[in-house]
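The data block below is query-v7.cif; it holds mmCIF, C-alpha atoms and all ligand atoms.
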```cif
data_entry
#
loop_
_atom_site.label_atom_id
_atom_site.label_comp_id
_atom_site.auth_asym_id
_atom_site.auth_seq_id
_atom_site.Cartn_x
_atom_site.Cartn_y
_atom_site.Cartn_z
CA MET A 27 -92.49 10.03 -14.09
CA SER A 28 -93.17 13.61 -13.11
CA SER A 29 -90.27 15.79 -12.02
CA ASP A 30 -91.54 16.38 -8.46
CA ILE A 31 -91.25 12.70 -7.61
CA PRO A 32 -87.94 11.99 -5.84
CA GLN A 33 -85.64 9.39 -7.28
CA PHE A 34 -85.89 5.97 -5.79
CA THR A 35 -83.19 5.24 -3.29
CA HIS A 36 -81.72 1.84 -3.88
CA PRO A 37 -78.37 0.38 -4.79
CA SER A 38 -78.24 1.05 -8.49
CA ALA A 39 -79.65 -1.56 -10.78
CA PRO A 40 -79.10 0.09 -14.14
CA VAL A 41 -81.47 -0.55 -17.02
CA GLU A 42 -79.89 -3.51 -18.65
CA ALA A 43 -79.02 -3.48 -22.29
CA PHE A 44 -81.13 -6.60 -22.42
CA ASP A 45 -79.96 -9.05 -24.95
CA GLU A 46 -83.46 -10.18 -25.85
CA LYS A 47 -83.63 -13.78 -26.92
CA PRO A 48 -86.24 -15.30 -29.19
CA SER A 49 -89.01 -16.90 -27.16
CA PRO A 50 -89.81 -20.58 -27.14
CA HIS A 51 -93.40 -19.54 -26.22
CA GLY A 52 -95.75 -18.31 -28.94
CA ASP A 53 -97.45 -15.68 -26.76
CA LEU A 54 -94.20 -13.82 -26.04
CA THR A 55 -92.23 -11.48 -28.25
CA SER A 56 -88.95 -12.34 -26.50
CA VAL A 57 -87.27 -13.63 -23.38
CA LEU A 58 -86.02 -10.65 -21.38
CA ILE A 59 -84.31 -12.42 -18.45
CA THR A 60 -83.23 -16.05 -18.63
CA GLU A 61 -83.35 -18.64 -15.88
CA ASP A 62 -79.58 -18.42 -15.41
CA GLU A 63 -79.65 -14.63 -15.18
CA LEU A 64 -82.43 -14.79 -12.58
CA LYS A 65 -80.55 -17.35 -10.54
CA ALA A 66 -77.29 -15.39 -10.54
CA ARG A 67 -78.87 -12.06 -9.59
CA ILE A 68 -81.07 -13.55 -6.87
CA LEU A 69 -78.03 -15.22 -5.28
CA GLN A 70 -76.34 -11.80 -5.11
CA MET A 71 -79.44 -10.21 -3.63
CA GLY A 72 -79.60 -12.94 -0.99
CA ALA A 73 -75.98 -12.35 -0.03
CA ASP A 74 -76.62 -8.59 0.26
CA ILE A 75 -79.63 -9.14 2.49
CA ALA A 76 -77.83 -11.69 4.68
CA ARG A 77 -75.02 -9.20 5.21
CA ASP A 78 -77.45 -6.37 6.09
CA TYR A 79 -79.74 -8.44 8.35
CA ALA A 80 -77.33 -10.97 9.91
CA ASP A 81 -78.44 -10.31 13.50
CA LYS A 82 -81.96 -8.97 12.89
CA ASN A 83 -84.02 -12.12 12.30
CA PRO A 84 -85.95 -10.41 9.47
CA LEU A 85 -89.55 -11.23 8.59
CA PHE A 86 -89.91 -11.70 4.83
CA ILE A 87 -93.40 -10.90 3.61
CA GLY A 88 -94.13 -12.22 0.14
CA VAL A 89 -96.83 -10.54 -1.89
CA LEU A 90 -98.98 -13.30 -3.38
CA LYS A 91 -99.06 -14.67 -5.92
CA GLY A 92 -96.44 -12.99 -8.08
CA ALA A 93 -93.59 -13.07 -5.55
CA VAL A 94 -93.80 -16.79 -4.78
CA TYR A 95 -90.98 -18.01 -7.05
CA PHE A 96 -88.80 -15.03 -6.16
CA MET A 97 -89.43 -15.61 -2.46
CA THR A 98 -88.57 -19.30 -2.47
CA ASP A 99 -85.36 -18.75 -4.42
CA LEU A 100 -84.28 -15.57 -2.63
CA THR A 101 -84.83 -16.74 0.94
CA ARG A 102 -82.89 -19.95 0.28
CA SER A 103 -79.91 -17.78 -0.56
CA VAL A 104 -80.20 -15.64 2.61
CA ASP A 105 -77.89 -17.35 5.07
CA CYS A 106 -79.20 -15.99 8.39
CA PRO A 107 -82.15 -16.70 10.71
CA LEU A 108 -85.43 -15.38 9.26
CA THR A 109 -89.17 -16.04 9.18
CA LEU A 110 -91.71 -15.97 6.36
CA ASP A 111 -95.24 -14.71 5.95
CA PHE A 112 -97.53 -13.90 3.04
CA MET A 113 -99.98 -11.21 2.14
CA ALA A 114 -102.33 -11.14 -0.82
CA VAL A 115 -103.53 -7.86 -2.23
CA SER A 116 -105.30 -6.99 -5.41
CA SER A 117 -104.53 -3.94 -7.47
CA TYR A 118 -104.79 -5.29 -10.97
CA GLY A 119 -107.63 -7.75 -11.49
CA ASP A 120 -107.20 -9.20 -14.95
CA ALA A 121 -106.34 -5.91 -16.62
CA HIS A 122 -102.79 -5.00 -17.55
CA LYS A 123 -102.75 -1.52 -16.02
CA SER A 124 -102.79 -0.64 -12.32
CA SER A 125 -106.15 0.38 -10.91
CA GLY A 126 -104.44 2.23 -8.07
CA VAL A 127 -106.85 0.58 -5.65
CA VAL A 128 -105.19 -1.80 -3.18
CA ARG A 129 -107.39 -4.31 -1.39
CA ILE A 130 -106.23 -6.90 1.19
CA ILE A 131 -107.31 -10.38 0.09
CA LYS A 132 -105.25 -12.31 2.64
CA ASP A 133 -103.68 -10.78 5.72
CA LEU A 134 -100.56 -11.85 7.63
CA ASN A 135 -100.50 -14.75 10.09
CA GLU A 136 -97.79 -13.22 12.31
CA PRO A 137 -97.71 -9.80 13.96
CA VAL A 138 -95.07 -7.44 12.57
CA THR A 139 -94.65 -5.51 15.82
CA ASP A 140 -90.95 -4.81 16.48
CA ARG A 141 -89.93 -6.97 13.50
CA HIS A 142 -87.56 -5.99 10.74
CA VAL A 143 -89.81 -6.52 7.73
CA ILE A 144 -88.61 -7.08 4.17
CA ILE A 145 -91.45 -6.94 1.64
CA LEU A 146 -90.84 -9.15 -1.39
CA GLU A 147 -92.56 -8.09 -4.59
CA ASP A 148 -92.31 -9.40 -8.14
CA ILE A 149 -92.45 -6.05 -9.91
CA LEU A 150 -92.68 -2.41 -9.04
CA ASP A 151 -94.68 -0.47 -11.60
CA THR A 152 -96.60 2.55 -10.27
CA GLY A 153 -95.38 1.76 -6.72
CA LEU A 154 -98.90 2.09 -5.32
CA THR A 155 -99.02 -1.45 -3.98
CA LEU A 156 -95.69 -1.23 -2.16
CA LYS A 157 -96.40 2.26 -0.88
CA TYR A 158 -99.61 0.98 0.66
CA LEU A 159 -97.95 -2.09 2.19
CA ALA A 160 -94.95 -0.20 3.60
CA ARG A 161 -97.24 2.31 5.25
CA ASN A 162 -99.48 -0.45 6.55
CA PHE A 163 -96.57 -2.35 8.21
CA HIS A 164 -95.15 0.83 9.73
CA GLY A 165 -98.61 1.51 11.13
CA ARG A 166 -98.65 -1.95 12.77
CA GLY A 167 -95.42 -1.17 14.63
CA ALA A 168 -92.70 -2.83 12.54
CA ALA A 169 -89.18 -1.94 13.72
CA SER A 170 -88.21 -1.28 10.08
CA VAL A 171 -89.65 -1.90 6.64
CA ALA A 172 -87.50 -2.56 3.58
CA ILE A 173 -88.51 -3.46 0.04
CA ALA A 174 -86.93 -6.05 -2.23
CA THR A 175 -88.38 -6.18 -5.72
CA LEU A 176 -87.22 -8.52 -8.42
CA LEU A 177 -88.11 -6.07 -11.19
CA LEU A 178 -88.41 -2.29 -11.35
CA LYS A 179 -90.05 -0.80 -14.42
CA GLU A 180 -88.21 2.24 -15.56
CA GLY A 181 -90.04 5.56 -15.45
CA THR A 182 -93.53 4.36 -14.48
CA GLN A 183 -93.53 5.21 -10.77
CA ALA A 184 -96.35 7.44 -9.57
CA VAL A 185 -95.33 7.81 -5.92
CA PRO A 186 -92.03 8.34 -4.07
CA LEU A 187 -90.76 5.22 -2.36
CA ASP A 188 -87.52 3.95 -0.83
CA VAL A 189 -86.52 0.63 -2.37
CA GLN A 190 -83.55 -1.13 -0.84
CA TYR A 191 -83.06 -4.13 -3.15
CA VAL A 192 -83.76 -4.30 -6.88
CA GLY A 193 -83.04 -7.33 -9.03
CA PHE A 194 -83.35 -5.82 -12.50
CA THR A 195 -84.48 -2.49 -13.85
CA ILE A 196 -86.46 -3.21 -17.00
CA PRO A 197 -88.00 -1.16 -19.81
CA ASP A 198 -91.71 -0.33 -19.63
CA ALA A 199 -93.17 -3.46 -21.18
CA PHE A 200 -95.71 -5.96 -19.91
CA VAL A 201 -93.77 -8.99 -18.73
CA VAL A 202 -94.79 -12.44 -17.55
CA GLY A 203 -93.17 -15.56 -16.12
CA TYR A 204 -91.34 -16.51 -12.92
CA GLY A 205 -94.49 -15.66 -10.94
CA LEU A 206 -95.73 -12.77 -13.06
CA ASP A 207 -99.05 -13.32 -14.78
CA TYR A 208 -101.49 -12.02 -17.28
CA ALA A 209 -105.04 -13.11 -16.38
CA GLN A 210 -103.44 -15.68 -14.02
CA GLN A 211 -101.55 -17.37 -16.86
CA TYR A 212 -97.81 -17.71 -17.56
CA ARG A 213 -96.66 -17.67 -13.90
CA ASN A 214 -94.89 -21.01 -14.31
CA LEU A 215 -92.56 -19.95 -17.11
CA PRO A 216 -89.03 -20.30 -15.68
CA TYR A 217 -87.86 -17.05 -17.33
CA ILE A 218 -89.22 -13.50 -17.72
CA GLY A 219 -90.62 -12.70 -21.15
CA VAL A 220 -92.41 -9.84 -22.88
CA LEU A 221 -96.07 -10.60 -23.62
CA LYS A 222 -97.26 -9.87 -27.15
CA PRO A 223 -99.22 -6.60 -26.88
CA ALA A 224 -101.96 -8.00 -29.15
CA LEU A 225 -102.90 -10.36 -26.30
CA TYR A 226 -103.89 -7.57 -23.94
CA ALA A 227 -104.83 -4.74 -26.32
CA GLU A 228 -108.32 -3.38 -25.60
P1 LIG B 1 -97.96 -1.27 -8.89
O1 LIG B 1 -98.81 -1.10 -7.67
O2 LIG B 1 -98.44 -0.46 -10.04
O3 LIG B 1 -96.48 -1.05 -8.61
O4 LIG B 1 -98.17 -2.73 -9.39
C1 LIG B 1 -97.61 -3.81 -8.82
C2 LIG B 1 -98.34 -5.05 -9.27
O5 LIG B 1 -98.85 -4.90 -10.60
C3 LIG B 1 -97.39 -6.22 -9.35
O6 LIG B 1 -97.33 -6.92 -8.15
C4 LIG B 1 -98.00 -7.05 -10.46
O7 LIG B 1 -99.00 -7.88 -9.92
C5 LIG B 1 -98.68 -6.05 -11.37
N1 LIG B 1 -97.85 -5.73 -12.56
C6 LIG B 1 -97.28 -4.55 -12.88
N2 LIG B 1 -96.61 -4.64 -14.03
C7 LIG B 1 -96.73 -5.91 -14.45
C8 LIG B 1 -96.21 -6.63 -15.60
O8 LIG B 1 -95.49 -6.13 -16.47
N3 LIG B 1 -96.56 -7.94 -15.66
C9 LIG B 1 -97.34 -8.55 -14.73
N4 LIG B 1 -97.83 -7.92 -13.66
C10 LIG B 1 -97.54 -6.60 -13.52
#
```

Any chance you could put this one into structure tokens?
Ligand code: IMP
Amino acid sequence: MSSDIPQFTHPSAPVEAFDEKPSPHGDLTSVLITEDELKARILQMGADIARDYADKNPLFIGVLKGAVYFMTDLTRSVDCPLTLDFMAVSSYGDAHKSSGVVRIIKDLNEPVTDRHVIILEDILDTGLTLKYLARNFHGRGAASVAIATLLLKEGTQAVPLDVQYVGFTIPDAFVVGYGLDYAQQYRNLPYIGVLKPALYAE
């Protein structure tokens, strides 16, 4: 991360001293975040969001497909009125590094005008995808735009961005599971694991 990029503003989610567990899956080097750890942290995030948005009827916008598991678990722990919508964008294709090009594959069904939007993302890497989406929703007249990301990779951000809710700050490794894929595979693993680099090495 270059020094002229401001720090992210979000309630601190320190880089965990992850107690990496051996993986039950042969394509992973380890399990980084277990099912129980995901569940506990997402419950806390839901409580934080419910407290902050109690009377705002927020519109949660899930970024397909990676945020699907996070979205279904998180929103069930947000105890206030809310609505849901989805957006699909592509920035990765089947490669493991961001192209920096964001393309809308599926747009929203509901207008965001005057709505308090919370974008739900699986992982924030360069930040290009979320930067694009936040700007896009502001441009469509949202009353406010917040970002909730399950994972934040440490030190890989290329653009300044305000992030209000972070589940876990993780080391810079390529991770899969709980919605995150490599070449569309591994999304259904119930935990987050580190993919063996040999599987995506050029
Ligand atoms: P960004 O625009 O670089 O922040 O990339 C965000 C998108 O890249 C995420 O929504 C993921 O689809 C993908 N991505 C970034 N890092 C990983 C990873 O470690 N595993 C799987 N997908 C990733």

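Using only C-alpha atoms, the nearest neighbour of Asp207 of chain A within the list A:Asp148, A:Glu180, A:Asp188, A:Asp133 is A:Asp148.
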
Pairwise distance for atom CA of Gly52 of chain A and atom CA of Leu225 of chain A, rounded to one decimal in Å: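 Result for atom CA of Gly52 of chain A versus atom CA of Leu225 of chain A: 11.0 Å, one decimal.
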
Long-range neighbours of Asn162 of chain A as an MDAnalysis selection string, 12 Å cut-off, all atoms listed in the file, 5 positions minimum in chain: chainID A and resid 113 128:130 133:134 138:139 143 145 155:157 167:168 170:171

Within-9 Å residues of ligand LIG 1 (chain B), basis only C-alpha atoms and all ligand atoms, as JSON, numbers by chain: {"A": [89, 90, 91, 92, 93, 115, 116, 117, 118, 119, 122, 123, 124, 125, 126, 127, 128, 147, 148, 149, 150, 151, 152, 153, 154, 155, 156, 157, 158, 178, 179, 182, 183, 184, 198, 199, 200, 201, 202, 203, 205, 206, 207, 208, 220, 221]}

Write a file of the just-selected residues containing C-alpha atoms, as a PDB file, keeping the file's coordinate frame.
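Generated output (part-v3.pdb):
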```
ATOM      1  CA  VAL A  89     -96.830 -10.540  -1.890  1.00  0.00           C
ATOM      2  CA  LEU A  90     -98.980 -13.300  -3.380  1.00  0.00           C
ATOM      3  CA  LYS A  91     -99.060 -14.670  -5.920  1.00  0.00           C
ATOM      4  CA  GLY A  92     -96.440 -12.990  -8.080  1.00  0.00           C
ATOM      5  CA  ALA A  93     -93.590 -13.070  -5.550  1.00  0.00           C
ATOM      6  CA  VAL A 115    -103.530  -7.860  -2.230  1.00  0.00           C
ATOM      7  CA  SER A 116    -105.300  -6.990  -5.410  1.00  0.00           C
ATOM      8  CA  SER A 117    -104.530  -3.940  -7.470  1.00  0.00           C
ATOM      9  CA  TYR A 118    -104.790  -5.290 -10.970  1.00  0.00           C
ATOM     10  CA  GLY A 119    -107.630  -7.750 -11.490  1.00  0.00           C
ATOM     11  CA  HIS A 122    -102.790  -5.000 -17.550  1.00  0.00           C
ATOM     12  CA  LYS A 123    -102.750  -1.520 -16.020  1.00  0.00           C
ATOM     13  CA  SER A 124    -102.790  -0.640 -12.320  1.00  0.00           C
ATOM     14  CA  SER A 125    -106.150   0.380 -10.910  1.00  0.00           C
ATOM     15  CA  GLY A 126    -104.440   2.230  -8.070  1.00  0.00           C
ATOM     16  CA  VAL A 127    -106.850   0.580  -5.650  1.00  0.00           C
ATOM     17  CA  VAL A 128    -105.190  -1.800  -3.180  1.00  0.00           C
ATOM     18  CA  GLU A 147     -92.560  -8.090  -4.590  1.00  0.00           C
ATOM     19  CA  ASP A 148     -92.310  -9.400  -8.140  1.00  0.00           C
ATOM     20  CA  ILE A 149     -92.450  -6.050  -9.910  1.00  0.00           C
ATOM     21  CA  LEU A 150     -92.680  -2.410  -9.040  1.00  0.00           C
ATOM     22  CA  ASP A 151     -94.680  -0.470 -11.600  1.00  0.00           C
ATOM     23  CA  THR A 152     -96.600   2.550 -10.270  1.00  0.00           C
ATOM     24  CA  GLY A 153     -95.380   1.760  -6.720  1.00  0.00           C
ATOM     25  CA  LEU A 154     -98.900   2.090  -5.320  1.00  0.00           C
ATOM     26  CA  THR A 155     -99.020  -1.450  -3.980  1.00  0.00           C
ATOM     27  CA  LEU A 156     -95.690  -1.230  -2.160  1.00  0.00           C
ATOM     28  CA  LYS A 157     -96.400   2.260  -0.880  1.00  0.00           C
ATOM     29  CA  TYR A 158     -99.610   0.980   0.660  1.00  0.00           C
ATOM     30  CA  LEU A 178     -88.410  -2.290 -11.350  1.00  0.00           C
ATOM     31  CA  LYS A 179     -90.050  -0.800 -14.420  1.00  0.00           C
ATOM     32  CA  THR A 182     -93.530   4.360 -14.480  1.00  0.00           C
ATOM     33  CA  GLN A 183     -93.530   5.210 -10.770  1.00  0.00           C
ATOM     34  CA  ALA A 184     -96.350   7.440  -9.570  1.00  0.00           C
ATOM     35  CA  ASP A 198     -91.710  -0.330 -19.630  1.00  0.00           C
ATOM     36  CA  ALA A 199     -93.170  -3.460 -21.180  1.00  0.00           C
ATOM     37  CA  PHE A 200     -95.710  -5.960 -19.910  1.00  0.00           C
ATOM     38  CA  VAL A 201     -93.770  -8.990 -18.730  1.00  0.00           C
ATOM     39  CA  VAL A 202     -94.790 -12.440 -17.550  1.00  0.00           C
ATOM     40  CA  GLY A 203     -93.170 -15.560 -16.120  1.00  0.00           C
ATOM     41  CA  GLY A 205     -94.490 -15.660 -10.940  1.00  0.00           C
ATOM     42  CA  LEU A 206     -95.730 -12.770 -13.060  1.00  0.00           C
ATOM     43  CA  ASP A 207     -99.050 -13.320 -14.780  1.00  0.00           C
ATOM     44  CA  TYR A 208    -101.490 -12.020 -17.280  1.00  0.00           C
ATOM     45  CA  VAL A 220     -92.410  -9.840 -22.880  1.00  0.00           C
ATOM     46  CA  LEU A 221     -96.070 -10.600 -23.620  1.00  0.00           C
TER      47      LEU A 221
END
```

Wanna dump the segment 122-216 of chain A-segment 64-86 of chain A contacts at 12 Å for me, each residue with its shortest atom pair and the distance in Å to one decimal, counting all atoms listed in the file, ordered by chain and number, as CSV?
```
residue,atom,partner,partner_atom,distance
A:Leu134,CA,A:Phe86,CA,11.0
A:Asn135,CA,A:Leu85,CA,11.6
A:Glu136,CA,A:Leu85,CA,9.3
A:Pro137,CA,A:Leu85,CA,9.9
A:Val138,CA,A:Leu85,CA,7.8
A:Thr139,CA,A:Leu85,CA,10.5
A:Asp140,CA,A:Leu85,CA,10.3
A:Arg141,CA,A:Leu85,CA,6.5
A:His142,CA,A:Pro84,CA,4.9
A:Val143,CA,A:Leu85,CA,4.8
A:Ile144,CA,A:Phe86,CA,4.8
A:Ile145,CA,A:Phe86,CA,5.9
A:Leu146,CA,A:Phe86,CA,6.8
A:Glu147,CA,A:Phe86,CA,10.4
A:Phe163,CA,A:Leu85,CA,11.3
A:Ala168,CA,A:Leu85,CA,9.8
A:Ala169,CA,A:Pro84,CA,10.0
A:Ser170,CA,A:Pro84,CA,9.4
A:Val171,CA,A:Leu85,CA,9.5
A:Ala172,CA,A:Phe86,CA,9.5
A:Ile173,CA,A:Phe86,CA,9.6
A:Ala174,CA,A:Met71,CA,8.7
A:Thr175,CA,A:Met71,CA,10.0
A:Leu176,CA,A:Ile68,CA,8.1
A:Leu177,CA,A:Leu64,CA,10.5
A:Gln190,CA,A:Ile75,CA,9.5
A:Tyr191,CA,A:Met71,CA,7.1
A:Val192,CA,A:Met71,CA,8.0
A:Gly193,CA,A:Arg67,CA,6.3
A:Phe194,CA,A:Arg67,CA,8.2
A:Thr195,CA,A:Arg67,CA,11.9
A:Gly203,CA,A:Leu64,CA,11.3
A:Tyr204,CA,A:Leu64,CA,9.1
A:Pro216,CA,A:Leu64,CA,9.1
```

Å distance separating atom CA of Tyr217 of chain A from atom CA of Ile59 of chain A, one decimal place: 5.9 Å

Separation of atom CA of Val104 of chain A from atom CA of Glu61 of chain A, in Å and rounded to one decimal: 19.0 Å

Best match for closeness to Gln211 of chain A among A:Asp53, A:Val185, A:Asp105, A:Asp111, counting all atoms listed in the file: A:Asp53

Calculate, to one decimal in Å, the centre and edge lengths of the box along x, y and z of the file that holds all listed atoms of segment 155-165 of chain A with 6 Å of margin on each side, and present them as lines of an AutoDock Vina configuration file.
```
center_x = -97.3
center_y = 0.0
center_z = 3.6
size_x = 16.7
size_y = 16.7
size_z = 27.1
```

Which of A:Arg166, A:Gln210, A:Ala160, A:Asp62 sits closest to Pro186 of chain A [using all atoms listed in the file]: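 Looking only at the distances to Pro186 of chain A, the closest residue turns out to be A:Ala160.
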
Put segment 131-151 of chain A into a file with N, CA and C atoms, as a JSON list (two decimals), in the first residue's frame.
```json
[["chain", "number", "residue", "atom", "x", "y", "z"],
["A", 131, "ILE", "N", -22.69, -7.06, -14.45],
["A", 131, "ILE", "CA", -23.26, -8.25, -15.09],
["A", 131, "ILE", "C", -24.76, -8.31, -14.81],
["A", 132, "LYS", "N", -25.12, -7.95, -13.58],
["A", 132, "LYS", "CA", -26.55, -7.90, -13.20],
["A", 132, "LYS", "C", -26.77, -6.65, -12.37],
["A", 133, "ASP", "N", -27.75, -5.86, -12.78],
["A", 133, "ASP", "CA", -28.01, -4.61, -12.04],
["A", 133, "ASP", "C", -29.09, -4.84, -10.97],
["A", 134, "LEU", "N", -29.32, -3.82, -10.17],
["A", 134, "LEU", "CA", -30.30, -3.90, -9.08],
["A", 134, "LEU", "C", -31.72, -4.00, -9.61],
["A", 135, "ASN", "N", -32.62, -4.55, -8.78],
["A", 135, "ASN", "CA", -34.04, -4.55, -9.13],
["A", 135, "ASN", "C", -34.75, -3.33, -8.56],
["A", 136, "GLU", "N", -34.25, -2.83, -7.43],
["A", 136, "GLU", "CA", -34.89, -1.69, -6.74],
["A", 136, "GLU", "C", -34.09, -0.42, -6.95],
["A", 137, "PRO", "N", -34.75, 0.75, -7.00],
["A", 137, "PRO", "CA", -33.98, 1.99, -7.01],
["A", 137, "PRO", "C", -33.32, 2.23, -5.65],
["A", 138, "VAL", "N", -32.19, 2.90, -5.65],
["A", 138, "VAL", "CA", -31.52, 3.19, -4.37],
["A", 138, "VAL", "C", -31.78, 4.63, -3.92],
["A", 139, "THR", "N", -32.53, 5.37, -4.71],
["A", 139, "THR", "CA", -32.80, 6.78, -4.39],
["A", 139, "THR", "C", -33.30, 6.94, -2.96],
["A", 140, "ASP", "N", -32.65, 7.80, -2.22],
["A", 140, "ASP", "CA", -33.02, 8.13, -0.82],
["A", 140, "ASP", "C", -32.92, 6.94, 0.14],
["A", 141, "ARG", "N", -32.31, 5.86, -0.28],
["A", 141, "ARG", "CA", -32.16, 4.69, 0.61],
["A", 141, "ARG", "C", -30.80, 4.71, 1.30],
["A", 142, "HIS", "N", -30.78, 4.14, 2.49],
["A", 142, "HIS", "CA", -29.53, 3.95, 3.20],
["A", 142, "HIS", "C", -28.98, 2.57, 2.78],
["A", 143, "VAL", "N", -27.98, 2.62, 1.92],
["A", 143, "VAL", "CA", -27.45, 1.40, 1.31],
["A", 143, "VAL", "C", -26.30, 0.84, 2.14],
["A", 144, "ILE", "N", -26.30, -0.47, 2.30],
["A", 144, "ILE", "CA", -25.14, -1.15, 2.88],
["A", 144, "ILE", "C", -24.69, -2.19, 1.86],
["A", 145, "ILE", "N", -23.49, -2.00, 1.31],
["A", 145, "ILE", "CA", -22.97, -2.95, 0.32],
["A", 145, "ILE", "C", -22.31, -4.09, 1.09],
["A", 146, "LEU", "N", -22.69, -5.32, 0.72],
["A", 146, "LEU", "CA", -22.09, -6.49, 1.35],
["A", 146, "LEU", "C", -21.14, -7.17, 0.37],
["A", 147, "GLU", "N", -19.90, -7.30, 0.79],
["A", 147, "GLU", "CA", -18.87, -7.89, -0.08],
["A", 147, "GLU", "C", -18.16, -9.00, 0.69],
["A", 148, "ASP", "N", -17.71, -10.01, -0.06],
["A", 148, "ASP", "CA", -17.00, -11.12, 0.60],
["A", 148, "ASP", "C", -15.60, -10.71, 1.04],
["A", 149, "ILE", "N", -14.89, -10.01, 0.14],
["A", 149, "ILE", "CA", -13.49, -9.68, 0.46],
["A", 149, "ILE", "C", -13.09, -8.38, -0.21],
["A", 150, "LEU", "N", -12.33, -7.61, 0.50],
["A", 150, "LEU", "CA", -11.82, -6.36, -0.04],
["A", 150, "LEU", "C", -10.32, -6.55, -0.27],
["A", 151, "ASP", "N", -9.93, -6.49, -1.52],
["A", 151, "ASP", "CA", -8.52, -6.71, -1.88],
["A", 151, "ASP", "C", -7.95, -5.37, -2.34]]
```
